$ cat entry.cif   # mmCIF, C-alpha atoms
data_final
#
loop_
_atom_site.label_atom_id
_atom_site.label_comp_id
_atom_site.auth_asym_id
_atom_site.auth_seq_id
_atom_site.Cartn_x
_atom_site.Cartn_y
_atom_site.Cartn_z
CA MET S 26 19.39 -80.59 29.89
CA GLU S 27 15.69 -80.38 29.01
CA ALA S 28 16.52 -78.90 25.61
CA ASP S 29 18.99 -81.71 24.94
CA ASN S 30 16.37 -84.29 25.85
CA ASN S 31 13.88 -82.63 23.52
CA ILE S 32 16.45 -82.61 20.72
CA ASP S 33 17.15 -86.34 21.20
CA LEU S 34 13.43 -87.08 21.20
CA LEU S 35 12.77 -85.07 18.03
CA LEU S 36 15.75 -86.63 16.24
CA SER S 37 14.37 -90.03 17.14
CA ASN S 38 10.92 -89.02 15.87
CA ILE S 39 12.45 -87.82 12.58
CA ARG S 40 14.26 -91.13 12.11
CA ASN S 41 11.07 -93.07 12.81
CA ASN S 42 8.74 -90.84 10.82
CA PRO S 43 10.79 -88.75 8.33
CA SER S 44 7.73 -87.37 6.53
CA ASP S 45 6.29 -85.55 9.56
CA SER S 46 7.27 -81.89 9.09
CA ASP S 47 6.29 -80.88 12.64
CA ASN S 48 9.29 -82.69 14.13
CA TYR S 49 11.68 -80.83 11.84
CA LEU S 50 10.09 -77.47 12.59
CA GLN S 51 10.08 -78.02 16.36
CA LEU S 52 13.71 -79.11 16.28
CA ALA S 53 14.71 -76.10 14.18
CA ASN S 54 12.94 -73.82 16.67
CA ILE S 55 14.94 -75.29 19.55
CA TYR S 56 18.17 -74.71 17.64
CA LEU S 57 17.16 -71.13 16.82
CA ALA S 58 16.30 -70.42 20.45
CA SER S 59 19.83 -71.45 21.46
CA ASN S 60 21.45 -69.55 18.55
CA ARG S 61 22.60 -72.78 16.91
CA HIS S 62 21.78 -71.37 13.49
CA ASP S 63 23.86 -73.78 11.44
CA CYS S 64 22.03 -76.71 13.04
CA ALA S 65 18.70 -75.06 12.22
CA ILE S 66 19.83 -74.57 8.62
CA ASN S 67 20.64 -78.27 8.34
CA ILE S 68 17.23 -79.23 9.68
CA TYR S 69 15.35 -76.91 7.33
CA GLU S 70 17.39 -78.19 4.38
CA ASP S 71 16.61 -81.79 5.36
CA LEU S 72 12.92 -80.94 5.51
CA LEU S 73 12.99 -79.29 2.08
CA LYS S 74 14.48 -82.46 0.58
CA ILE S 75 11.27 -84.29 1.39
CA GLN S 76 8.89 -81.30 1.24
CA PRO S 77 10.33 -78.81 -1.31
CA SER S 78 7.28 -76.57 -0.95
CA ASN S 79 7.19 -76.25 2.81
CA PHE S 80 6.50 -72.53 3.22
CA ILE S 81 7.81 -72.22 6.78
CA ALA S 82 11.07 -73.96 5.96
CA LEU S 83 11.58 -71.87 2.83
CA THR S 84 10.99 -68.54 4.56
CA ASN S 85 12.86 -69.32 7.79
CA LEU S 86 15.81 -70.70 5.87
CA GLY S 87 15.70 -67.63 3.62
CA SER S 88 15.90 -65.40 6.70
CA LEU S 89 18.88 -67.34 8.04
CA TYR S 90 20.79 -67.01 4.78
CA LEU S 91 19.86 -63.32 4.59
CA ALA S 92 21.33 -62.85 8.07
CA LYS S 93 24.49 -64.65 6.90
CA SER S 94 24.70 -62.26 3.89
CA ASP S 95 24.28 -65.18 1.48
CA TYR S 96 21.90 -63.16 -0.66
CA LEU S 97 21.72 -65.50 -3.65
CA LYS S 98 20.55 -68.41 -1.51
CA ALA S 99 18.10 -66.13 0.28
CA ILE S 100 16.69 -64.94 -3.05
CA ASN S 101 16.31 -68.52 -4.27
CA LEU S 102 14.40 -69.55 -1.15
CA TYR S 103 12.15 -66.49 -0.97
CA SER S 104 11.41 -66.76 -4.69
CA ARG S 105 10.34 -70.36 -4.21
CA ALA S 106 8.12 -69.27 -1.31
CA ALA S 107 6.61 -66.47 -3.42
CA GLY S 108 5.98 -68.97 -6.20
CA LEU S 109 3.66 -70.97 -3.95
CA GLY S 110 0.95 -68.37 -4.51
CA VAL S 111 0.85 -67.15 -0.92
CA ASP S 112 0.83 -63.36 -0.74
CA ASN S 113 3.03 -62.70 2.26
CA PHE S 114 4.46 -59.32 3.23
CA ASN S 115 7.66 -60.67 4.77
CA VAL S 116 8.46 -62.80 1.74
CA TYR S 117 8.35 -59.84 -0.66
CA PHE S 118 10.02 -57.47 1.82
CA ASN S 119 12.94 -59.80 2.54
CA LEU S 120 13.25 -60.75 -1.11
CA ALA S 121 13.52 -57.04 -1.91
CA ASN S 122 16.12 -56.57 0.85
CA ALA S 123 18.26 -59.35 -0.60
CA TYR S 124 18.07 -57.84 -4.10
CA ALA S 125 18.90 -54.42 -2.63
CA GLU S 126 22.05 -55.81 -1.00
CA LEU S 127 23.15 -57.07 -4.42
CA GLY S 128 22.45 -53.69 -6.03
CA GLU S 129 19.59 -55.08 -8.13
CA PHE S 130 17.46 -51.95 -8.07
CA LYS S 131 14.62 -53.04 -10.38
CA HIS S 132 14.08 -56.40 -8.67
CA ALA S 133 14.31 -54.81 -5.24
CA MET S 134 11.83 -52.06 -6.09
CA SER S 135 9.43 -54.50 -7.71
CA ASN S 136 9.26 -56.58 -4.54
CA TYR S 137 9.05 -53.55 -2.25
CA ILE S 138 6.00 -52.42 -4.22
CA LYS S 139 4.44 -55.88 -3.78
CA ALA S 140 5.09 -55.59 -0.05
CA ILE S 141 3.48 -52.14 0.05
CA ASN S 142 0.41 -53.46 -1.73
CA LEU S 143 0.02 -55.95 1.11
CA ASP S 144 0.66 -53.42 3.90
CA LYS S 145 0.52 -49.77 2.89
CA ASN S 146 1.16 -48.60 6.45
CA ASN S 147 4.39 -50.45 7.11
CA TYR S 148 7.06 -47.83 7.71
CA GLN S 149 9.90 -50.34 7.20
CA VAL S 150 9.19 -50.59 3.48
CA TYR S 151 9.32 -46.84 3.00
CA SER S 152 12.59 -46.60 4.95
CA ALA S 153 14.06 -49.40 2.86
CA ILE S 154 12.98 -47.74 -0.40
CA ALA S 155 14.47 -44.45 0.80
CA LEU S 156 17.81 -46.16 1.45
CA LEU S 157 17.61 -47.82 -1.95
CA TYR S 158 17.17 -44.46 -3.66
CA GLN S 159 19.87 -42.91 -1.49
CA ASP S 160 22.35 -45.55 -2.69
CA ARG S 161 21.56 -44.45 -6.25
CA ASN S 162 22.04 -40.78 -5.32
CA SER S 163 18.35 -40.18 -6.11
CA PHE S 164 18.03 -37.85 -3.16
CA ASP S 165 14.63 -36.28 -3.87
CA GLU S 166 13.04 -39.72 -3.93
CA ALA S 167 14.94 -40.74 -0.81
CA LEU S 168 13.71 -37.66 1.06
CA TYR S 169 10.13 -38.41 0.00
CA TYR S 170 10.21 -41.98 1.31
CA PHE S 171 12.03 -41.09 4.55
CA ASP S 172 9.31 -38.51 5.16
CA LYS S 173 6.64 -41.17 4.55
CA ALA S 174 8.34 -43.48 7.04
CA ILE S 175 8.43 -40.75 9.71
CA LYS S 176 4.76 -39.92 9.23
CA LEU S 177 3.88 -43.60 9.67
CA LYS S 178 6.20 -44.12 12.65
CA PRO S 179 6.91 -40.74 14.31
CA ASP S 180 8.10 -42.39 17.54
CA LEU S 181 11.00 -44.27 15.96
CA PRO S 182 14.26 -42.31 16.33
CA ASP S 183 16.07 -44.32 13.63
CA ASN S 184 13.84 -42.66 11.03
CA TYR S 185 15.06 -39.22 12.12
CA ILE S 186 18.67 -40.41 12.16
CA ASN S 187 18.43 -41.76 8.61
CA LEU S 188 16.89 -38.55 7.37
CA GLY S 189 19.45 -36.49 9.28
CA LEU S 190 22.32 -38.41 7.70
CA LEU S 191 20.84 -37.75 4.27
CA PHE S 192 20.47 -34.02 4.99
CA ASN S 193 24.07 -34.00 6.18
CA LYS S 194 25.16 -35.64 2.93
CA LEU S 195 23.29 -32.93 1.03
CA ASN S 196 25.03 -30.20 3.08
CA LYS S 197 21.67 -29.21 4.57
CA PHE S 198 23.18 -29.01 8.01
CA ASP S 199 20.39 -27.10 9.79
CA ASP S 200 17.88 -29.73 8.64
CA ALA S 201 20.28 -32.49 9.71
CA ILE S 202 20.67 -30.95 13.16
CA ARG S 203 16.90 -30.69 13.52
CA MET S 204 16.54 -34.42 12.76
CA PHE S 205 19.36 -35.48 15.08
CA LEU S 206 17.98 -33.37 17.93
CA LYS S 207 14.58 -34.97 17.39
CA ALA S 208 16.14 -38.43 17.70
CA LEU S 209 18.03 -37.36 20.81
CA GLU S 210 14.74 -36.46 22.46
CA PHE S 211 14.10 -40.22 22.61
CA ASN S 212 17.59 -41.08 23.88
CA PRO S 213 19.70 -38.08 24.93
CA ASN S 214 22.72 -40.27 25.78
CA ASN S 215 23.12 -42.17 22.53
CA VAL S 216 26.78 -41.55 21.75
CA ASP S 217 26.51 -42.25 18.03
CA TRP S 218 23.67 -39.76 17.65
CA LEU S 219 25.54 -37.16 19.69
CA ILE S 220 28.50 -37.55 17.33
CA TYR S 221 26.26 -37.19 14.26
CA CYS S 222 24.76 -34.02 15.69
CA ALA S 223 28.14 -32.63 16.75
CA ASN S 224 29.50 -33.21 13.24
CA ALA S 225 26.49 -31.42 11.76
CA TYR S 226 26.99 -28.47 14.12
CA SER S 227 30.66 -28.40 13.12
CA ASN S 228 29.78 -28.38 9.44
CA SER S 229 27.29 -25.58 10.01
CA GLY S 230 29.94 -23.46 11.72
CA ASN S 231 28.40 -23.69 15.19
CA HIS S 232 31.63 -24.70 16.91
CA GLN S 233 30.50 -24.22 20.49
CA SER S 234 27.51 -26.53 20.13
CA ALA S 235 29.70 -29.07 18.36
CA GLU S 236 32.28 -28.98 21.15
CA ASP S 237 29.59 -29.30 23.83
CA LEU S 238 28.19 -32.43 22.20
CA PHE S 239 31.60 -34.01 21.60
CA ASN S 240 32.42 -33.48 25.28
CA LYS S 241 29.11 -34.99 26.29
CA ALA S 242 29.74 -38.02 24.07
CA ILE S 243 33.17 -38.79 25.52
CA ASN S 244 31.93 -38.19 29.08
CA ILE S 245 29.24 -40.81 28.48
CA ASP S 246 31.63 -43.29 26.85
CA ASN S 247 35.31 -42.65 27.49
CA ASN S 248 36.27 -45.70 25.40
CA ASN S 249 34.49 -44.83 22.17
CA TYR S 250 37.14 -44.78 19.44
CA GLN S 251 34.97 -42.98 16.89
CA ALA S 252 34.05 -40.22 19.35
CA PHE S 253 37.70 -39.28 19.85
CA ILE S 254 38.42 -39.54 16.11
CA CYS S 255 35.55 -37.19 15.20
CA TYR S 256 36.40 -34.81 18.05
CA GLY S 257 40.01 -34.74 16.84
CA ILE S 258 38.97 -33.94 13.28
CA PHE S 259 36.79 -31.12 14.57
CA LEU S 260 39.63 -29.70 16.66
CA PHE S 261 42.03 -29.93 13.74
CA ASN S 262 39.58 -28.07 11.51
CA ILE S 263 39.38 -25.17 13.99
CA ASN S 264 43.19 -25.11 14.28
CA LYS S 265 43.44 -26.58 17.77
CA HIS S 266 46.11 -29.01 16.65
CA ASP S 267 47.57 -29.88 20.04
CA LEU S 268 44.14 -30.82 21.36
CA ALA S 269 43.46 -32.79 18.17
CA ILE S 270 46.62 -34.82 18.78
CA ASP S 271 45.42 -35.51 22.34
CA MET S 272 42.17 -36.91 20.93
CA TYR S 273 43.95 -39.06 18.35
CA ASN S 274 46.32 -40.41 21.02
CA LYS S 275 43.33 -41.31 23.18
CA ALA S 276 41.83 -43.17 20.21
CA VAL S 277 45.10 -45.07 19.76
CA SER S 278 45.10 -46.06 23.43
CA ILE S 279 41.59 -47.47 22.96
CA ASN S 280 42.39 -49.40 19.79
CA PRO S 281 46.08 -49.47 18.82
CA THR S 282 45.48 -51.57 15.68
CA ASN S 283 42.89 -49.27 14.11
CA THR S 284 44.83 -47.20 11.57
CA LYS S 285 42.42 -44.28 11.21
CA ALA S 286 44.10 -42.30 14.01
CA TYR S 287 47.56 -42.87 12.53
CA ILE S 288 46.41 -41.57 9.14
CA LEU S 289 44.91 -38.47 10.74
CA MET S 290 48.01 -37.76 12.82
CA GLY S 291 50.15 -38.21 9.74
CA ASN S 292 47.96 -35.75 7.87
CA LEU S 293 48.15 -33.27 10.75
CA TYR S 294 51.93 -33.33 10.90
CA SER S 295 52.21 -33.24 7.12
CA SER S 296 50.03 -30.11 6.99
CA ALA S 297 52.44 -28.52 9.48
CA ASN S 298 55.42 -29.52 7.29
CA LYS S 299 56.67 -31.83 10.01
CA PHE S 300 57.52 -34.52 7.52
CA ASP S 301 59.53 -36.86 9.77
CA GLU S 302 56.63 -37.17 12.20
CA ALA S 303 54.15 -37.65 9.34
CA VAL S 304 56.28 -40.43 7.85
CA GLU S 305 56.41 -42.17 11.22
CA PHE S 306 52.63 -42.35 11.46
CA TYR S 307 52.05 -43.40 7.85
CA LYS S 308 54.58 -46.21 8.33
CA LYS S 309 52.61 -47.24 11.42
CA VAL S 310 49.61 -47.74 9.15
CA ILE S 311 51.60 -50.04 6.88
CA GLU S 312 52.81 -51.98 9.91
CA PHE S 313 49.20 -52.97 10.64
CA GLU S 314 47.88 -52.89 7.06
CA PRO S 315 50.68 -53.84 4.62
CA LEU S 316 48.32 -53.47 1.63
CA ASN S 317 46.86 -50.07 2.55
CA LEU S 318 47.22 -48.25 -0.77
CA ASN S 319 46.39 -44.84 0.70
CA ALA S 320 49.22 -45.11 3.23
CA TYR S 321 51.81 -45.74 0.52
CA ILE S 322 50.53 -42.80 -1.52
CA LEU S 323 50.55 -40.49 1.52
CA LEU S 324 54.07 -41.62 2.36
CA ALA S 325 55.25 -41.01 -1.18
CA ASN S 326 53.56 -37.58 -1.28
CA THR S 327 55.20 -36.64 2.02
CA TYR S 328 58.64 -37.67 0.83
CA ALA S 329 58.07 -35.70 -2.38
CA ARG S 330 57.16 -32.60 -0.38
CA ALA S 331 60.29 -33.13 1.72
CA ASN S 332 62.34 -33.27 -1.51
CA ASP S 333 63.31 -36.89 -0.92
CA LEU S 334 62.39 -38.02 -4.42
CA ARG S 335 64.22 -41.33 -4.19
CA SER S 336 62.01 -42.43 -1.27
CA ALA S 337 58.91 -40.97 -2.95
CA ILE S 338 59.59 -43.03 -6.09
CA SER S 339 60.06 -46.15 -3.98
CA PHE S 340 56.71 -45.80 -2.24
CA TYR S 341 54.83 -44.84 -5.42
CA LYS S 342 56.25 -48.04 -6.93
CA GLN S 343 55.00 -50.07 -3.96
CA ALA S 344 51.58 -48.46 -4.37
CA ILE S 345 51.56 -49.52 -8.04
CA ASP S 346 52.46 -53.06 -6.99
CA ILE S 347 49.33 -53.10 -4.82
CA GLU S 348 47.05 -51.62 -7.50
CA PRO S 349 48.70 -51.96 -10.94
CA ASP S 350 45.80 -50.38 -12.83
CA ASN S 351 45.74 -47.14 -10.82
CA ASP S 352 46.57 -44.53 -13.47
CA GLU S 353 46.70 -41.67 -10.97
CA VAL S 354 49.48 -43.33 -8.98
CA LYS S 355 51.34 -44.19 -12.17
CA LEU S 356 51.25 -40.53 -13.19
CA LEU S 357 52.67 -39.47 -9.80
CA TYR S 358 55.33 -42.16 -10.10
CA PHE S 359 56.51 -41.11 -13.56
CA ASP S 360 56.37 -37.39 -12.66
CA SER S 361 58.61 -38.10 -9.68
CA ILE S 362 61.05 -40.02 -11.86
CA LYS S 363 61.19 -37.15 -14.35
CA GLU S 364 61.75 -34.64 -11.54
CA PHE S 365 64.45 -36.85 -10.03
CA ILE S 366 66.23 -37.16 -13.38
CA THR S 367 66.02 -33.41 -13.92
CA GLU S 368 67.54 -32.77 -10.49
CA ARG S 369 70.41 -35.19 -11.22
CA GLU S 370 71.08 -33.51 -14.55
CA ASN S 371 71.12 -30.07 -12.96
CA LEU S 372 73.56 -31.25 -10.32
CA ASN S 373 75.85 -32.72 -12.97
CA GLU S 374 75.81 -29.46 -14.93
CA GLN S 375 76.92 -27.59 -11.84
#

$ encode --input "entry.cif" --output "structure tokens"
Amino acid sequence: MEADNNIDLLLSNIRNNPSDSDNYLQLANIYLASNRHDCAINIYEDLLKIQPSNFIALTNLGSLYLAKSDYLKAINLYSRAAGLGVDNFNVYFNLANAYAELGEFKHAMSNYIKAINLDKNNYQVYSAIALLYQDRNSFDEALYYFDKAIKLKPDLPDNYINLGLLFNKLNKFDDAIRMFLKALEFNPNNVDWLIYCANAYSNSGNHQSAEDLFNKAINIDNNNYQAFICYGIFLFNINKHDLAIDMYNKAVSINPTNTKAYILMGNLYSSANKFDEAVEFYKKVIEFEPLNLNAYILLANTYARANDLRSAISFYKQAIDIEPDNDEVKLLYFDSIKEFITERENLNEQ
């Protein structure tokens, strides 16, 4: 009630004195405090119509559009704020983040450097630069900047997680495990981090440690879809197929519309040459995702392996309908047609 009264008062003040920026800013703050972000956006935009150079409105509105993933509007607003001649760390940092989201490496890096020049000890900039380099597969540079971020903020577990994920991507599994274990010192029951570490142990060949961590993860959160998916993949890879199926079925019970488990079960049955079961699960994917290209290709491949070329051709054709420019699928389609024709000719000769 008090907030509503304050809103009415400030709206009245704005009507009576539209050039007073304080009323706009106070009203926007009330909206932000109650998560009424669209209302705050409208207020900031109204203020900028009468005061186009209001620094607070430009930067706060830029942050709101950045949060809404409207990166072009965010860039416009932060650029206007930067053009006012005020050297502000957050302006350059957020401007760089917006450019990074759009894949504009040079503009992003340029603004990150400006941010660093204003605050050389801000770990967030170094983490952001590391992620920027990682997206470009410039891994040496990414490692360098992640290391800088950790040295500046050694008590932040996210820094170790980011570096661990990069080591994992580089197949440096022992280094990845070391980073994940360091993060887990801060929060031993973080399920996501336990899964990361378990996957790294699995990749390194340490199956017992992997299994221990997967079990710990699902004991902490028995409704974590990703935990059961990753545990199932691990069990499949060590040829414990029945247990893998149990994990995938548990994932399905948690989220029946998520198709990842159906794909994995289809792959498991296909690898065991149980084609009818594989087909059933791939068709389940299409039931929930009618435009899932991968499901149509997997279905077609399974039918081809089962020597049902007519069905394989049908599903390759449906895959082409979804993605007409996919040359790989076209090749599979035409190869299946040729094989089908050859089989018909051989039968006729007999």

$ closest_residue --input "entry.cif" --among "S:Ser234, S:Asn371, S:Asn60, S:Asn115" --to "Thr84 of chain S" --atoms "only C-alpha atoms"
S:Asn115

$ residues_around --input "entry.cif" --residues "Lys197 of chain S" --least-positions-apart "5" --cutoff "9 Å" --atoms "only C-alpha atoms" --output "PDB file with C-alpha atoms, keeping the file's coordinate frame"
ATOM      1  CA  GLY S 189      19.450 -36.490   9.280  1.00  0.00           C
ATOM      2  CA  LEU S 191      20.840 -37.750   4.270  1.00  0.00           C
ATOM      3  CA  PHE S 192      20.470 -34.020   4.990  1.00  0.00           C
ATOM      4  CA  ILE S 202      20.670 -30.950  13.160  1.00  0.00           C
ATOM      5  CA  ALA S 225      26.490 -31.420  11.760  1.00  0.00           C
ATOM      6  CA  SER S 229      27.290 -25.580  10.010  1.00  0.00           C
TER       7      SER S 229
END

$ atom_distance --input "entry.cif" --atom1 "atom CA of Thr284 of chain S" --atom2 "atom CA of Val310 of chain S"
5.4 Å

$ residues_around --input "entry.cif" --residues "segment 248-253 of chain S" --least-positions-apart "6" --cutoff "8 Å" --atoms "only C-alpha atoms" --output "list in words"
Val216, Asp217, Ile220, Phe239, Ala242, Met272, Tyr273, Lys275, Ala276, Val277, Ile279 and Asn280 of chain S

$ atom_distance --input "entry.cif" --atom1 "atom CA of Asn42 of chain S" --atom2 "atom CA of Leu72 of chain S"
12.0 Å

$ resolve_selection --input "entry.cif" --expression "the PyMOL selection byres ((chain S and resi 300) around 12)" --output "list in words"
Met290, Gly291, Asn292, Leu293, Tyr294, Ser295, Ser296, Ala297, Asn298, Lys299, Asp301, Glu302, Ala303, Val304, Glu305, Phe306, Tyr307, Leu323, Leu324, Ala325, Asn326, Thr327, Tyr328, Ala329, Arg330, Ala331, Asn332 and Asp333 of chain S

$ residues_around --input "entry.cif" --residues "Gln159 of chain S" --least-positions-apart "2" --cutoff "12 Å" --atoms "all atoms listed in the file" --output "list in words"
Ala125, Gly128, Phe130, Ser152, Ala153, Ile154, Ala155, Leu156, Leu157, Arg161, Asn162, Ser163, Phe164, Asp165, Glu166, Ala167, Leu168, Tyr169, Tyr170, Phe171, Asn187, Leu188, Leu190, Leu191, Phe192, Lys194 and Leu195 of chain S

$ write_last_selection --input "entry.cif" --atoms "C-alpha atoms" --output "short mmCIF file (atom, residue, chain, number, x, y, z; two decimals), in the frame of the given file"
data_model
loop_
_atom_site.label_atom_id
_atom_site.label_comp_id
_atom_site.auth_asym_id
_atom_site.auth_seq_id
_atom_site.Cartn_x
_atom_site.Cartn_y
_atom_site.Cartn_z
CA ALA S 125 18.90 -54.42 -2.63
CA GLY S 128 22.45 -53.69 -6.03
CA PHE S 130 17.46 -51.95 -8.07
CA SER S 152 12.59 -46.60 4.95
CA ALA S 153 14.06 -49.40 2.86
CA ILE S 154 12.98 -47.74 -0.40
CA ALA S 155 14.47 -44.45 0.80
CA LEU S 156 17.81 -46.16 1.45
CA LEU S 157 17.61 -47.82 -1.95
CA ARG S 161 21.56 -44.45 -6.25
CA ASN S 162 22.04 -40.78 -5.32
CA SER S 163 18.35 -40.18 -6.11
CA PHE S 164 18.03 -37.85 -3.16
CA ASP S 165 14.63 -36.28 -3.87
CA GLU S 166 13.04 -39.72 -3.93
CA ALA S 167 14.94 -40.74 -0.81
CA LEU S 168 13.71 -37.66 1.06
CA TYR S 169 10.13 -38.41 0.00
CA TYR S 170 10.21 -41.98 1.31
CA PHE S 171 12.03 -41.09 4.55
CA ASN S 187 18.43 -41.76 8.61
CA LEU S 188 16.89 -38.55 7.37
CA LEU S 190 22.32 -38.41 7.70
CA LEU S 191 20.84 -37.75 4.27
CA PHE S 192 20.47 -34.02 4.99
CA LYS S 194 25.16 -35.64 2.93
CA LEU S 195 23.29 -32.93 1.03
#

$ atom_distance --input "entry.cif" --atom1 "atom CA of Ile141 of chain S" --atom2 "atom CA of Gly108 of chain S"
18.1 Å

$ build_atoms --input "entry.cif" --residues "segment 95-118 of chain S" --atoms "N, CA and C atoms" --output "mmCIF file, keeping the file's coordinate frame"
data_model
loop_
_atom_site.group_PDB
_atom_site.id
_atom_site.type_symbol
_atom_site.label_atom_id
_atom_site.label_comp_id
_atom_site.auth_asym_id
_atom_site.auth_seq_id
_atom_site.Cartn_x
_atom_site.Cartn_y
_atom_site.Cartn_z
ATOM 1 N N ASP S 95 24.268 -64.311 2.673
ATOM 2 C CA ASP S 95 24.280 -65.180 1.480
ATOM 3 C C ASP S 95 23.020 -64.853 0.684
ATOM 4 N N TYR S 96 23.102 -63.745 -0.059
ATOM 5 C CA TYR S 96 21.900 -63.160 -0.660
ATOM 6 C C TYR S 96 21.349 -64.002 -1.804
ATOM 7 N N LEU S 97 22.206 -64.672 -2.542
ATOM 8 C CA LEU S 97 21.720 -65.500 -3.650
ATOM 9 C C LEU S 97 20.885 -66.668 -3.143
ATOM 10 N N LYS S 98 21.338 -67.315 -2.077
ATOM 11 C CA LYS S 98 20.550 -68.410 -1.510
ATOM 12 C C LYS S 98 19.247 -67.881 -0.931
ATOM 13 N N ALA S 99 19.316 -66.725 -0.282
ATOM 14 C CA ALA S 99 18.100 -66.130 0.280
ATOM 15 C C ALA S 99 17.090 -65.831 -0.829
ATOM 16 N N ILE S 100 17.575 -65.262 -1.927
ATOM 17 C CA ILE S 100 16.690 -64.940 -3.050
ATOM 18 C C ILE S 100 16.053 -66.206 -3.611
ATOM 19 N N ASN S 101 16.837 -67.249 -3.753
ATOM 20 C CA ASN S 101 16.310 -68.520 -4.270
ATOM 21 C C ASN S 101 15.182 -69.040 -3.386
ATOM 22 N N LEU S 102 15.391 -69.009 -2.083
ATOM 23 C CA LEU S 102 14.400 -69.550 -1.150
ATOM 24 C C LEU S 102 13.144 -68.692 -1.098
ATOM 25 N N TYR S 103 13.318 -67.372 -1.007
ATOM 26 C CA TYR S 103 12.150 -66.490 -0.970
ATOM 27 C C TYR S 103 11.377 -66.536 -2.285
ATOM 28 N N SER S 104 12.083 -66.665 -3.384
ATOM 29 C CA SER S 104 11.410 -66.760 -4.690
ATOM 30 C C SER S 104 10.574 -68.036 -4.766
ATOM 31 N N ARG S 105 11.119 -69.113 -4.243
ATOM 32 C CA ARG S 105 10.340 -70.360 -4.210
ATOM 33 C C ARG S 105 9.107 -70.209 -3.330
ATOM 34 N N ALA S 106 9.274 -69.505 -2.195
ATOM 35 C CA ALA S 106 8.120 -69.270 -1.310
ATOM 36 C C ALA S 106 7.086 -68.401 -2.004
ATOM 37 N N ALA S 107 7.545 -67.357 -2.705
ATOM 38 C CA ALA S 107 6.610 -66.470 -3.420
ATOM 39 C C ALA S 107 5.888 -67.228 -4.528
ATOM 40 N N GLY S 108 6.576 -68.201 -5.115
ATOM 41 C CA GLY S 108 5.980 -68.970 -6.200
ATOM 42 C C GLY S 108 4.894 -69.929 -5.757
ATOM 43 N N LEU S 109 4.694 -70.077 -4.451
ATOM 44 C CA LEU S 109 3.660 -70.970 -3.950
ATOM 45 C C LEU S 109 2.274 -70.339 -4.004
ATOM 46 N N GLY S 110 2.243 -69.042 -4.376
ATOM 47 C CA GLY S 110 0.950 -68.370 -4.510
ATOM 48 C C GLY S 110 0.420 -67.787 -3.227
ATOM 49 N N VAL S 111 1.252 -67.744 -2.194
ATOM 50 C CA VAL S 111 0.850 -67.150 -0.920
ATOM 51 C C VAL S 111 1.348 -65.718 -0.866
ATOM 52 N N ASP S 112 0.425 -64.766 -0.833
ATOM 53 C CA ASP S 112 0.830 -63.360 -0.740
ATOM 54 C C ASP S 112 1.215 -63.057 0.701
ATOM 55 N N ASN S 113 2.517 -62.889 0.913
ATOM 56 C CA ASN S 113 3.030 -62.700 2.260
ATOM 57 C C ASN S 113 3.958 -61.491 2.281
ATOM 58 N N PHE S 114 3.680 -60.541 3.155
ATOM 59 C CA PHE S 114 4.460 -59.320 3.230
ATOM 60 C C PHE S 114 5.944 -59.594 3.434
ATOM 61 N N ASN S 115 6.252 -60.431 4.424
ATOM 62 C CA ASN S 115 7.660 -60.670 4.770
ATOM 63 C C ASN S 115 8.436 -61.316 3.640
ATOM 64 N N VAL S 116 7.780 -62.158 2.867
ATOM 65 C CA VAL S 116 8.460 -62.800 1.740
ATOM 66 C C VAL S 116 8.923 -61.735 0.739
ATOM 67 N N TYR S 117 8.001 -60.870 0.334
ATOM 68 C CA TYR S 117 8.350 -59.840 -0.660
ATOM 69 C C TYR S 117 9.338 -58.818 -0.070
ATOM 70 N N PHE S 118 9.137 -58.467 1.194
ATOM 71 C CA PHE S 118 10.020 -57.470 1.820
ATOM 72 C C PHE S 118 11.452 -57.994 1.920
#
